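This report concerns only the one structure given below.
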Amino acid sequence: MSDFYKTIKERSQAKYTEKMSKFLAFAVPVSTAEEAKAVVKTISNEYHDARHCCWAYMIGTERNEYLSSDNGEPSGTAGKPILGQINSFGLTNIVIAVVRYFGGIKLGTSGLIVAYREAARLAIENAEILECHEQARVTFNFPYLCMNDMMKIVKSEPVKVIDQQFDNDCVMTLECDADKMPALKSRIENVDGAAILEG
């Protein structure tokens with residue numbers, strides 16, 4: 001399992017024209033399938049007058065959660081070529097939606113495959129590709145009296161504080177690089193009264 005993955009920094013788009021049919025491609029970084037589907041829905045609504053909105057997404061550092069849709073185009077002519085481009089670039093945590101405005105001339109199966117593939121490729125090429133480190137989170141509680149010990153850990157480790165609640169019993173959620181998590185957990189567990197709740 002790799003601790004690194006590639007995705008895009010921010011939304012990008014591209015336009016591809018073939019025999020008067022216009023293909024508008026949108027590549028958007030996402031972290032869950034739900035987010036990907038919400039992006040597709042938003043783009044479909046925005047371009048509701050288009051004939052098709054075909055899409056594909058890939059989620060997770062293992063790149064094993066993916067889905068594609070031809071959205072009414074002949075089977076295998078849209079979603080698969082879009083997904084193929086995500087694979088070619090080795091990307092994940094991304095959704096690409098391609099909106100098609102029909103130009104009156106049929107493209108045929110091979111023409112559609114080329115058009116959807118090219119539109120997706122252009123959208124990726126217009127994006128900034130990032131290499132990211134897989135992140136992991138841990139939530140734990142500890143007595144208020146141990147606050148100093150905990151803050152020493154937080155300040156000395158490369159962690160991001162996601163959530164914190166300070167009372168007699170304190171709760172914190174931290175995020176760090178996945179491969180640093182075992183060491184962080186053992187430091188937390190060495191503090192008197194601290195207990196890991198999840199992560």
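In the structure tokens, the first chain shown is A, the next is B, and so on; residue numbers restart at 1 for each chain, and ligands run from 1 in the order shown.
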
Considering only C-alpha atoms, return as a list in words whatever protein or nucleic-acid residues lie within 6 Å of segment 144-153 of chain A, sequence-local ones (same chain, fewer than 5 positions apart) excluded.
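That gives Asn168, Asp169 and Cys170 of chain A.
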
Enumerate, in order of chain and increasing residue number, the residues of segment 71-153 of chain A with an atom no farther than 10 Å from segment 25-40 of chain A, each with its shortest atom pair and distance in Å to one decimal, counting only C-alpha atoms, as CSV.
residue,atom,partner,partner_atom,distance
A:Ile82,CA,A:Ala25,CA,9.7
A:Ile86,CA,A:Ala27,CA,9.8
A:Leu91,CA,A:Pro29,CA,9.9
A:Thr92,CA,A:Pro29,CA,8.4
A:Asn93,CA,A:Val30,CA,5.0
A:Ile94,CA,A:Pro29,CA,4.5
A:Val95,CA,A:Val28,CA,5.4
A:Ile96,CA,A:Ala27,CA,4.4
A:Ala97,CA,A:Phe26,CA,5.3
A:Val98,CA,A:Ala25,CA,4.2
A:Val99,CA,A:Ala25,CA,6.3
A:Arg100,CA,A:Ala25,CA,8.8
A:Tyr116,CA,A:Ala25,CA,8.4
A:Arg117,CA,A:Ala25,CA,10.0
A:Glu118,CA,A:Ala25,CA,9.3
A:Ala119,CA,A:Ala25,CA,5.6
A:Ala120,CA,A:Ala25,CA,5.9
A:Arg121,CA,A:Ala25,CA,8.9
A:Leu122,CA,A:Ala25,CA,7.9
A:Ala123,CA,A:Ala27,CA,5.8
A:Ile124,CA,A:Ala27,CA,6.5
A:Glu125,CA,A:Ala27,CA,9.8
A:Asn126,CA,A:Ala27,CA,9.1
A:Ala127,CA,A:Ala27,CA,7.8

List the spatial neighbours of Cys53 of chain A as a PyMOL selection string - criterion: any atom at most 10 Å away, only C-alpha atoms, same-chain residues fewer than 5 positions off excluded.
chain A and resi 23-25+40-41+43-45+47-48+69-73+78-79+97-101

If we count only C-alpha atoms and set the cut-off at 7 Å, which residues sit around Gln164 of chain A, ignoring sequence neighbours fewer than 5 positions away in its own chain? Please answer as number ranges by chain.
A: 171-173

Fewer than 3 positions away in the same chain doesn't count, so skip those; otherwise give me all residues within 6 Å of segment 102-111 of chain A, counting only C-alpha atoms, as number ranges by chain.
A: 20-21, 114

Saved selection, atoms kept: C-alpha atoms, as a PDB file, in the first residue's frame:
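Output saved as part_10.pdb:
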ATOM      1  CA  MET A  20     -20.027  20.580 -34.377  1.00  0.00           C
ATOM      2  CA  SER A  21     -20.657  18.601 -31.164  1.00  0.00           C
ATOM      3  CA  VAL A 114     -12.186   9.646 -28.921  1.00  0.00           C
TER       4      VAL A 114
END

What parts of chain A does DSSP call strand (DSSP E or B)? I'd like the answer as a JSON list (two decimals) with N, CA, C and O atoms, in the first residue's frame.
[["chain", "number", "residue", "atom", "x", "y", "z"],
["A", 4, "PHE", "N", 1.40, 7.55, -0.70],
["A", 4, "PHE", "CA", 1.27, 8.72, -1.56],
["A", 4, "PHE", "C", 0.23, 8.49, -2.64],
["A", 4, "PHE", "O", 0.02, 7.36, -3.06],
["A", 5, "TYR", "N", -0.40, 9.56, -3.06],
["A", 5, "TYR", "CA", -1.35, 9.45, -4.17],
["A", 5, "TYR", "C", -1.33, 10.76, -4.94],
["A", 5, "TYR", "O", -0.87, 11.79, -4.44],
["A", 6, "LYS", "N", -1.83, 10.70, -6.18],
["A", 6, "LYS", "CA", -1.86, 11.91, -7.01],
["A", 6, "LYS", "C", -3.31, 12.33, -7.24],
["A", 6, "LYS", "O", -4.17, 11.50, -7.53],
["A", 7, "THR", "N", -3.54, 13.62, -7.13],
["A", 7, "THR", "CA", -4.86, 14.17, -7.41],
["A", 7, "THR", "C", -4.66, 15.55, -8.03],
["A", 7, "THR", "O", -3.52, 15.94, -8.32],
["A", 8, "ILE", "N", -5.76, 16.28, -8.24],
["A", 8, "ILE", "CA", -5.60, 17.64, -8.79],
["A", 8, "ILE", "C", -5.86, 18.66, -7.69],
["A", 8, "ILE", "O", -6.58, 18.40, -6.73],
["A", 12, "SER", "N", -10.78, 22.22, -12.75],
["A", 12, "SER", "CA", -10.31, 22.73, -14.04],
["A", 12, "SER", "C", -11.32, 22.33, -15.10],
["A", 12, "SER", "O", -12.16, 21.45, -14.87],
["A", 13, "GLN", "N", -11.23, 22.95, -16.26],
["A", 13, "GLN", "CA", -12.15, 22.59, -17.33],
["A", 13, "GLN", "C", -11.51, 22.71, -18.69],
["A", 13, "GLN", "O", -10.42, 23.27, -18.82],
["A", 14, "ALA", "N", -12.16, 22.13, -19.68],
["A", 14, "ALA", "CA", -11.64, 22.16, -21.04],
["A", 14, "ALA", "C", -12.81, 22.01, -22.00],
["A", 14, "ALA", "O", -13.89, 21.55, -21.61],
["A", 15, "LYS", "N", -12.55, 22.38, -23.27],
["A", 15, "LYS", "CA", -13.60, 22.25, -24.29],
["A", 15, "LYS", "C", -13.00, 21.51, -25.48],
["A", 15, "LYS", "O", -11.87, 21.78, -25.89],
["A", 16, "TYR", "N", -13.76, 20.57, -26.01],
["A", 16, "TYR", "CA", -13.31, 19.82, -27.19],
["A", 16, "TYR", "C", -14.47, 19.84, -28.19],
["A", 16, "TYR", "O", -15.62, 19.61, -27.81],
["A", 17, "THR", "N", -14.16, 20.13, -29.44],
["A", 17, "THR", "CA", -15.22, 20.17, -30.46],
["A", 17, "THR", "C", -14.94, 19.12, -31.53],
["A", 17, "THR", "O", -13.80, 18.98, -31.99],
["A", 18, "GLU", "N", -15.97, 18.39, -31.90],
["A", 18, "GLU", "CA", -15.84, 17.36, -32.95],
["A", 18, "GLU", "C", -17.11, 17.38, -33.78],
["A", 18, "GLU", "O", -18.21, 17.17, -33.26],
["A", 21, "SER", "N", -20.26, 18.97, -32.54],
["A", 21, "SER", "CA", -20.66, 18.60, -31.16],
["A", 21, "SER", "C", -19.64, 19.23, -30.21],
["A", 21, "SER", "O", -18.43, 19.16, -30.46],
["A", 22, "LYS", "N", -20.15, 19.86, -29.16],
["A", 22, "LYS", "CA", -19.27, 20.49, -28.16],
["A", 22, "LYS", "C", -19.20, 19.61, -26.92],
["A", 22, "LYS", "O", -20.24, 19.17, -26.41],
["A", 23, "PHE", "N", -18.00, 19.37, -26.43],
["A", 23, "PHE", "CA", -17.80, 18.58, -25.22],
["A", 23, "PHE", "C", -17.13, 19.47, -24.18],
["A", 23, "PHE", "O", -16.01, 19.93, -24.39],
["A", 24, "LEU", "N", -17.85, 19.74, -23.09],
["A", 24, "LEU", "CA", -17.29, 20.55, -22.01],
["A", 24, "LEU", "C", -16.91, 19.61, -20.88],
["A", 24, "LEU", "O", -17.76, 18.89, -20.35],
["A", 25, "ALA", "N", -15.62, 19.60, -20.53],
["A", 25, "ALA", "CA", -15.14, 18.67, -19.49],
["A", 25, "ALA", "C", -14.77, 19.44, -18.23],
["A", 25, "ALA", "O", -14.14, 20.51, -18.30],
["A", 26, "PHE", "N", -15.15, 18.86, -17.09],
["A", 26, "PHE", "CA", -14.86, 19.47, -15.78],
["A", 26, "PHE", "C", -14.18, 18.43, -14.90],
["A", 26, "PHE", "O", -14.73, 17.34, -14.69],
["A", 27, "ALA", "N", -13.00, 18.75, -14.40],
["A", 27, "ALA", "CA", -12.28, 17.85, -13.48],
["A", 27, "ALA", "C", -12.29, 18.52, -12.11],
["A", 27, "ALA", "O", -11.92, 19.69, -11.98],
["A", 28, "VAL", "N", -12.74, 17.78, -11.09],
["A", 28, "VAL", "CA", -12.90, 18.37, -9.75],
["A", 28, "VAL", "C", -12.31, 17.43, -8.70],
["A", 28, "VAL", "O", -12.60, 16.22, -8.72],
["A", 29, "PRO", "N", -11.48, 17.95, -7.76],
["A", 29, "PRO", "CA", -10.98, 17.09, -6.68],
["A", 29, "PRO", "C", -12.09, 16.80, -5.66],
["A", 29, "PRO", "O", -12.84, 17.70, -5.28],
["A", 52, "HIS", "N", -26.21, 15.16, -22.95],
["A", 52, "HIS", "CA", -25.63, 14.15, -22.06],
["A", 52, "HIS", "C", -24.68, 14.79, -21.06],
["A", 52, "HIS", "O", -24.03, 15.79, -21.37],
["A", 53, "CYS", "N", -24.61, 14.20, -19.86],
["A", 53, "CYS", "CA", -23.57, 14.56, -18.90],
["A", 53, "CYS", "C", -22.96, 13.24, -18.42],
["A", 53, "CYS", "O", -23.53, 12.56, -17.56],
["A", 54, "CYS", "N", -21.86, 12.85, -19.05],
["A", 54, "CYS", "CA", -21.22, 11.56, -18.74],
["A", 54, "CYS", "C", -20.07, 11.80, -17.76],
["A", 54, "CYS", "O", -19.49, 12.88, -17.75],
["A", 55, "TRP", "N", -19.76, 10.81, -16.96],
["A", 55, "TRP", "CA", -18.79, 11.06, -15.89],
["A", 55, "TRP", "C", -18.10, 9.79, -15.41],
["A", 55, "TRP", "O", -18.52, 8.68, -15.71],
["A", 56, "ALA", "N", -17.04, 10.02, -14.64],
["A", 56, "ALA", "CA", -16.33, 8.93, -13.96],
["A", 56, "ALA", "C", -15.62, 9.51, -12.75],
["A", 56, "ALA", "O", -15.23, 10.69, -12.77],
["A", 57, "TYR", "N", -15.51, 8.69, -11.70],
["A", 57, "TYR", "CA", -14.71, 9.13, -10.55],
["A", 57, "TYR", "C", -13.85, 7.99, -10.03],
["A", 57, "TYR", "O", -14.11, 6.82, -10.30],
["A", 58, "MET", "N", -12.81, 8.38, -9.30],
["A", 58, "MET", "CA", -11.90, 7.43, -8.65],
["A", 58, "MET", "C", -11.62, 7.98, -7.26],
["A", 58, "MET", "O", -11.32, 9.16, -7.12],
["A", 59, "ILE", "N", -11.75, 7.11, -6.25],
["A", 59, "ILE", "CA", -11.60, 7.56, -4.86],
["A", 59, "ILE", "C", -10.62, 6.64, -4.12],
["A", 59, "ILE", "O", -10.60, 5.44, -4.34],
["A", 65, "GLU", "N", -12.00, 2.39, -5.53],
["A", 65, "GLU", "CA", -13.42, 2.79, -5.51],
["A", 65, "GLU", "C", -13.65, 3.70, -6.71],
["A", 65, "GLU", "O", -13.13, 4.82, -6.75],
["A", 66, "TYR", "N", -14.36, 3.20, -7.70],
["A", 66, "TYR", "CA", -14.57, 4.00, -8.91],
["A", 66, "TYR", "C", -15.91, 3.64, -9.54],
["A", 66, "TYR", "O", -16.48, 2.58, -9.30],
["A", 67, "LEU", "N", -16.39, 4.55, -10.36],
["A", 67, "LEU", "CA", -17.67, 4.35, -11.04],
["A", 67, "LEU", "C", -17.68, 5.24, -12.27],
["A", 67, "LEU", "O", -17.04, 6.30, -12.27],
["A", 68, "SER", "N", -18.38, 4.82, -13.32],
["A", 68, "SER", "CA", -18.51, 5.68, -14.50],
["A", 68, "SER", "C", -19.90, 5.52, -15.08],
["A", 68, "SER", "O", -20.57, 4.53, -14.83],
["A", 69, "SER", "N", -20.32, 6.52, -15.85],
["A", 69, "SER", "CA", -21.66, 6.49, -16.43],
["A", 69, "SER", "C", -21.63, 7.04, -17.85],
["A", 69, "SER", "O", -21.01, 8.08, -18.11],
["A", 91, "LEU", "N", -4.40, 9.11, -11.33],
["A", 91, "LEU", "CA", -5.02, 10.03, -10.37],
["A", 91, "LEU", "C", -6.06, 9.31, -9.50],
["A", 91, "LEU", "O", -6.58, 8.26, -9.86],
["A", 94, "ILE", "N", -10.82, 12.18, -7.56],
["A", 94, "ILE", "CA", -11.16, 13.08, -8.65],
["A", 94, "ILE", "C", -12.45, 12.60, -9.32],
["A", 94, "ILE", "O", -12.73, 11.41, -9.36],
["A", 95, "VAL", "N", -13.24, 13.56, -9.79],
["A", 95, "VAL", "CA", -14.39, 13.24, -10.63],
["A", 95, "VAL", "C", -14.26, 14.09, -11.90],
["A", 95, "VAL", "O", -13.83, 15.24, -11.83],
["A", 96, "ILE", "N", -14.55, 13.48, -13.04],
["A", 96, "ILE", "CA", -14.57, 14.22, -14.30],
["A", 96, "ILE", "C", -15.95, 14.04, -14.93],
["A", 96, "ILE", "O", -16.41, 12.91, -15.11],
["A", 97, "ALA", "N", -16.59, 15.17, -15.21],
["A", 97, "ALA", "CA", -17.89, 15.14, -15.90],
["A", 97, "ALA", "C", -17.71, 15.81, -17.25],
["A", 97, "ALA", "O", -17.06, 16.86, -17.36],
["A", 98, "VAL", "N", -18.26, 15.19, -18.29],
["A", 98, "VAL", "CA", -18.18, 15.77, -19.64],
["A", 98, "VAL", "C", -19.60, 15.97, -20.16],
["A", 98, "VAL", "O", -20.38, 15.03, -20.27],
["A", 99, "VAL", "N", -19.91, 17.22, -20.44],
["A", 99, "VAL", "CA", -21.23, 17.62, -20.93],
["A", 99, "VAL", "C", -21.16, 17.69, -22.46],
["A", 99, "VAL", "O", -20.23, 18.29, -23.00],
["A", 100, "ARG", "N", -22.14, 17.09, -23.13],
["A", 100, "ARG", "CA", -22.12, 17.11, -24.60],
["A", 100, "ARG", "C", -23.32, 17.88, -25.17],
["A", 100, "ARG", "O", -24.45, 17.62, -24.81],
["A", 101, "TYR", "N", -23.00, 18.81, -26.04],
["A", 101, "TYR", "CA", -24.04, 19.49, -26.83],
["A", 101, "TYR", "C", -23.95, 18.91, -28.24],
["A", 101, "TYR", "O", -22.93, 19.06, -28.92],
["A", 129, "ILE", "N", -1.47, 18.99, -11.02],
["A", 129, "ILE", "CA", -1.47, 17.68, -10.36],
["A", 129, "ILE", "C", -0.59, 17.74, -9.12],
["A", 129, "ILE", "O", 0.54, 18.24, -9.17],
["A", 130, "LEU", "N", -1.12, 17.25, -8.01],
["A", 130, "LEU", "CA", -0.39, 17.25, -6.74],
["A", 130, "LEU", "C", -0.07, 15.83, -6.32],
["A", 130, "LEU", "O", -0.88, 14.92, -6.53],
["A", 131, "GLU", "N", 1.09, 15.65, -5.68],
["A", 131, "GLU", "CA", 1.35, 14.37, -5.03],
["A", 131, "GLU", "C", 1.08, 14.60, -3.55],
["A", 131, "GLU", "O", 1.67, 15.48, -2.94],
["A", 132, "CYS", "N", 0.15, 13.84, -3.00],
["A", 132, "CYS", "CA", -0.27, 14.03, -1.61],
["A", 132, "CYS", "C", 0.13, 12.83, -0.76],
["A", 132, "CYS", "O", 0.26, 11.72, -1.26],
["A", 133, "HIS", "N", 0.25, 13.10, 0.52],
["A", 133, "HIS", "CA", 0.56, 12.04, 1.47],
["A", 133, "HIS", "C", -0.75, 11.61, 2.12],
["A", 133, "HIS", "O", -1.53, 12.45, 2.54],
["A", 135, "GLN", "N", -3.43, 10.76, 4.68],
["A", 135, "GLN", "CA", -3.60, 11.25, 6.05],
["A", 135, "GLN", "C", -4.41, 10.26, 6.88],
["A", 135, "GLN", "O", -5.21, 9.50, 6.35],
["A", 136, "ALA", "N", -4.18, 10.29, 8.19],
["A", 136, "ALA", "CA", -4.97, 9.46, 9.12],
["A", 136, "ALA", "C", -5.36, 10.34, 10.30],
["A", 136, "ALA", "O", -4.68, 11.32, 10.61],
["A", 137, "ARG", "N", -6.47, 9.97, 10.94],
["A", 137, "ARG", "CA", -6.96, 10.75, 12.10],
["A", 137, "ARG", "C", -7.06, 9.87, 13.33],
["A", 137, "ARG", "O", -7.31, 8.68, 13.22],
["A", 138, "VAL", "N", -6.89, 10.51, 14.48],
["A", 138, "VAL", "CA", -7.08, 9.82, 15.75],
["A", 138, "VAL", "C", -7.83, 10.76, 16.69],
["A", 138, "VAL", "O", -7.56, 11.95, 16.74],
["A", 139, "THR", "N", -8.82, 10.20, 17.40],
["A", 139, "THR", "CA", -9.57, 10.95, 18.42],
["A", 139, "THR", "C", -9.29, 10.30, 19.77],
["A", 139, "THR", "O", -9.32, 9.08, 19.89],
["A", 140, "PHE", "N", -9.00, 11.12, 20.76],
["A", 140, "PHE", "CA", -8.67, 10.57, 22.09],
["A", 140, "PHE", "C", -9.15, 11.52, 23.17],
["A", 140, "PHE", "O", -9.41, 12.69, 22.92],
["A", 141, "ASN", "N", -9.30, 10.99, 24.39],
["A", 141, "ASN", "CA", -9.64, 11.87, 25.51],
["A", 141, "ASN", "C", -8.56, 11.76, 26.58],
["A", 141, "ASN", "O", -7.78, 10.81, 26.61],
["A", 142, "PHE", "N", -8.53, 12.78, 27.44],
["A", 142, "PHE", "CA", -7.53, 12.81, 28.52],
["A", 142, "PHE", "C", -8.01, 13.78, 29.59],
["A", 142, "PHE", "O", -8.78, 14.70, 29.32],
["A", 143, "PRO", "N", -7.57, 13.58, 30.84],
["A", 143, "PRO", "CA", -7.97, 14.50, 31.91],
["A", 143, "PRO", "C", -7.34, 15.88, 31.71],
["A", 143, "PRO", "O", -6.23, 15.98, 31.19],
["A", 160, "LYS", "N", -2.05, 18.12, 12.63],
["A", 160, "LYS", "CA", -3.04, 19.19, 12.44],
["A", 160, "LYS", "C", -4.16, 18.91, 13.43],
["A", 160, "LYS", "O", -4.67, 17.78, 13.50],
["A", 161, "VAL", "N", -4.56, 19.93, 14.20],
["A", 161, "VAL", "CA", -5.67, 19.77, 15.15],
["A", 161, "VAL", "C", -6.98, 19.94, 14.38],
["A", 161, "VAL", "O", -7.24, 20.99, 13.80],
["A", 162, "ILE", "N", -7.79, 18.87, 14.36],
["A", 162, "ILE", "CA", -9.06, 18.90, 13.63],
["A", 162, "ILE", "C", -10.18, 19.37, 14.54],
["A", 162, "ILE", "O", -11.06, 20.12, 14.14],
["A", 163, "ASP", "N", -10.13, 18.94, 15.80],
["A", 163, "ASP", "CA", -11.19, 19.29, 16.75],
["A", 163, "ASP", "C", -10.63, 19.21, 18.16],
["A", 163, "ASP", "O", -9.77, 18.36, 18.45],
["A", 164, "GLN", "N", -11.11, 20.07, 19.04],
["A", 164, "GLN", "CA", -10.71, 19.98, 20.45],
["A", 164, "GLN", "C", -11.81, 20.52, 21.35],
["A", 164, "GLN", "O", -12.43, 21.51, 21.04],
["A", 165, "GLN", "N", -12.03, 19.83, 22.45],
["A", 165, "GLN", "CA", -13.00, 20.25, 23.46],
["A", 165, "GLN", "C", -12.33, 20.13, 24.82],
["A", 165, "GLN", "O", -11.92, 19.03, 25.20],
["A", 169, "ASP", "N", -12.82, 16.63, 31.35],
["A", 169, "ASP", "CA", -12.35, 15.56, 30.47],
["A", 169, "ASP", "C", -12.22, 16.18, 29.08],
["A", 169, "ASP", "O", -13.17, 16.74, 28.57],
["A", 170, "CYS", "N", -11.04, 16.13, 28.49],
["A", 170, "CYS", "CA", -10.80, 16.79, 27.20],
["A", 170, "CYS", "C", -10.80, 15.78, 26.06],
["A", 170, "CYS", "O", -10.42, 14.63, 26.25],
["A", 171, "VAL", "N", -11.26, 16.24, 24.91],
["A", 171, "VAL", "CA", -11.27, 15.37, 23.71],
["A", 171, "VAL", "C", -10.57, 16.12, 22.58],
["A", 171, "VAL", "O", -10.81, 17.31, 22.37],
["A", 172, "MET", "N", -9.72, 15.41, 21.85],
["A", 172, "MET", "CA", -9.02, 16.01, 20.71],
["A", 172, "MET", "C", -9.04, 15.07, 19.52],
["A", 172, "MET", "O", -9.02, 13.85, 19.70],
["A", 173, "THR", "N", -9.07, 15.64, 18.32],
["A", 173, "THR", "CA", -8.89, 14.86, 17.10],
["A", 173, "THR", "C", -7.71, 15.46, 16.35],
["A", 173, "THR", "O", -7.69, 16.67, 16.09],
["A", 174, "LEU", "N", -6.73, 14.62, 16.04],
["A", 174, "LEU", "CA", -5.54, 15.07, 15.33],
["A", 174, "LEU", "C", -5.43, 14.34, 13.99],
["A", 174, "LEU", "O", -5.91, 13.21, 13.85],
["A", 175, "GLU", "N", -4.79, 15.00, 13.03],
["A", 175, "GLU", "CA", -4.55, 14.39, 11.72],
["A", 175, "GLU", "C", -3.06, 14.49, 11.42],
["A", 175, "GLU", "O", -2.43, 15.51, 11.71],
["A", 176, "CYS", "N", -2.50, 13.41, 10.86],
["A", 176, "CYS", "CA", -1.10, 13.45, 10.46],
["A", 176, "CYS", "C", -0.89, 12.47, 9.31],
["A", 176, "CYS", "O", -1.80, 11.72, 8.94],
["A", 177, "ASP", "N", 0.34, 12.45, 8.76],
["A", 177, "ASP", "CA", 0.66, 11.49, 7.71],
["A", 177, "ASP", "C", 0.41, 10.08, 8.23],
["A", 177, "ASP", "O", 0.79, 9.76, 9.37],
["A", 195, "ALA", "N", -6.89, 8.05, 26.58],
["A", 195, "ALA", "CA", -7.45, 6.85, 25.91],
["A", 195, "ALA", "C", -7.84, 7.20, 24.50],
["A", 195, "ALA", "O", -8.48, 8.23, 24.25],
["A", 196, "ILE", "N", -7.47, 6.33, 23.55],
["A", 196, "ILE", "CA", -7.85, 6.56, 22.17],
["A", 196, "ILE", "C", -9.30, 6.09, 21.95],
["A", 196, "ILE", "O", -9.66, 4.99, 22.35],
["A", 197, "LEU", "N", -10.10, 6.97, 21.37],
["A", 197, "LEU", "CA", -11.53, 6.65, 21.17],
["A", 197, "LEU", "C", -11.77, 6.06, 19.79],
["A", 197, "LEU", "O", -12.53, 5.13, 19.64],
["A", 198, "GLU", "N", -11.14, 6.65, 18.77],
["A", 198, "GLU", "CA", -11.28, 6.09, 17.42],
["A", 198, "GLU", "C", -10.11, 6.53, 16.57],
["A", 198, "GLU", "O", -9.45, 7.52, 16.84]]

Atom CA of Glu128 of chain A and atom CA of Gly90 of chain A are how many Å apart?
13.6 Å

Kindly give the distance, in Å, that separates atom CA of Asp3 of chain A and atom CA of Ser88 of chain A, rounded to a single decimal.
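Distance reported for this atom pair: 19.5 Å.
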
I need the residue nearest Ile113 of chain A from this list: A:Lys80, A:Glu134, A:Val191, A:Thr61. Use only C-alpha atoms for the distance.
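Once distances to Ile113 of chain A are computed over only C-alpha atoms, the minimum belongs to A:Lys80.
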
What separation in Å, quoted to one decimal, exists between atom CA of Ala50 of chain A and atom CA of Phe89 of chain A?
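Between atom CA of Ala50 of chain A and atom CA of Phe89 of chain A the gap is 27.5 Å.
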
Running DSSP on the backbone, which parts of chain A land in helix (DSSP H, G or I), as a ChimeraX atom specification?
/A:33-46,79-88,108-125,144-156,178-189

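Using only C-alpha atoms, the shortest contact distance between Arg63 of chain A and any of A:Gly193, A:Asn87, A:Lys19, A:Ile188 is found at A:Asn87.
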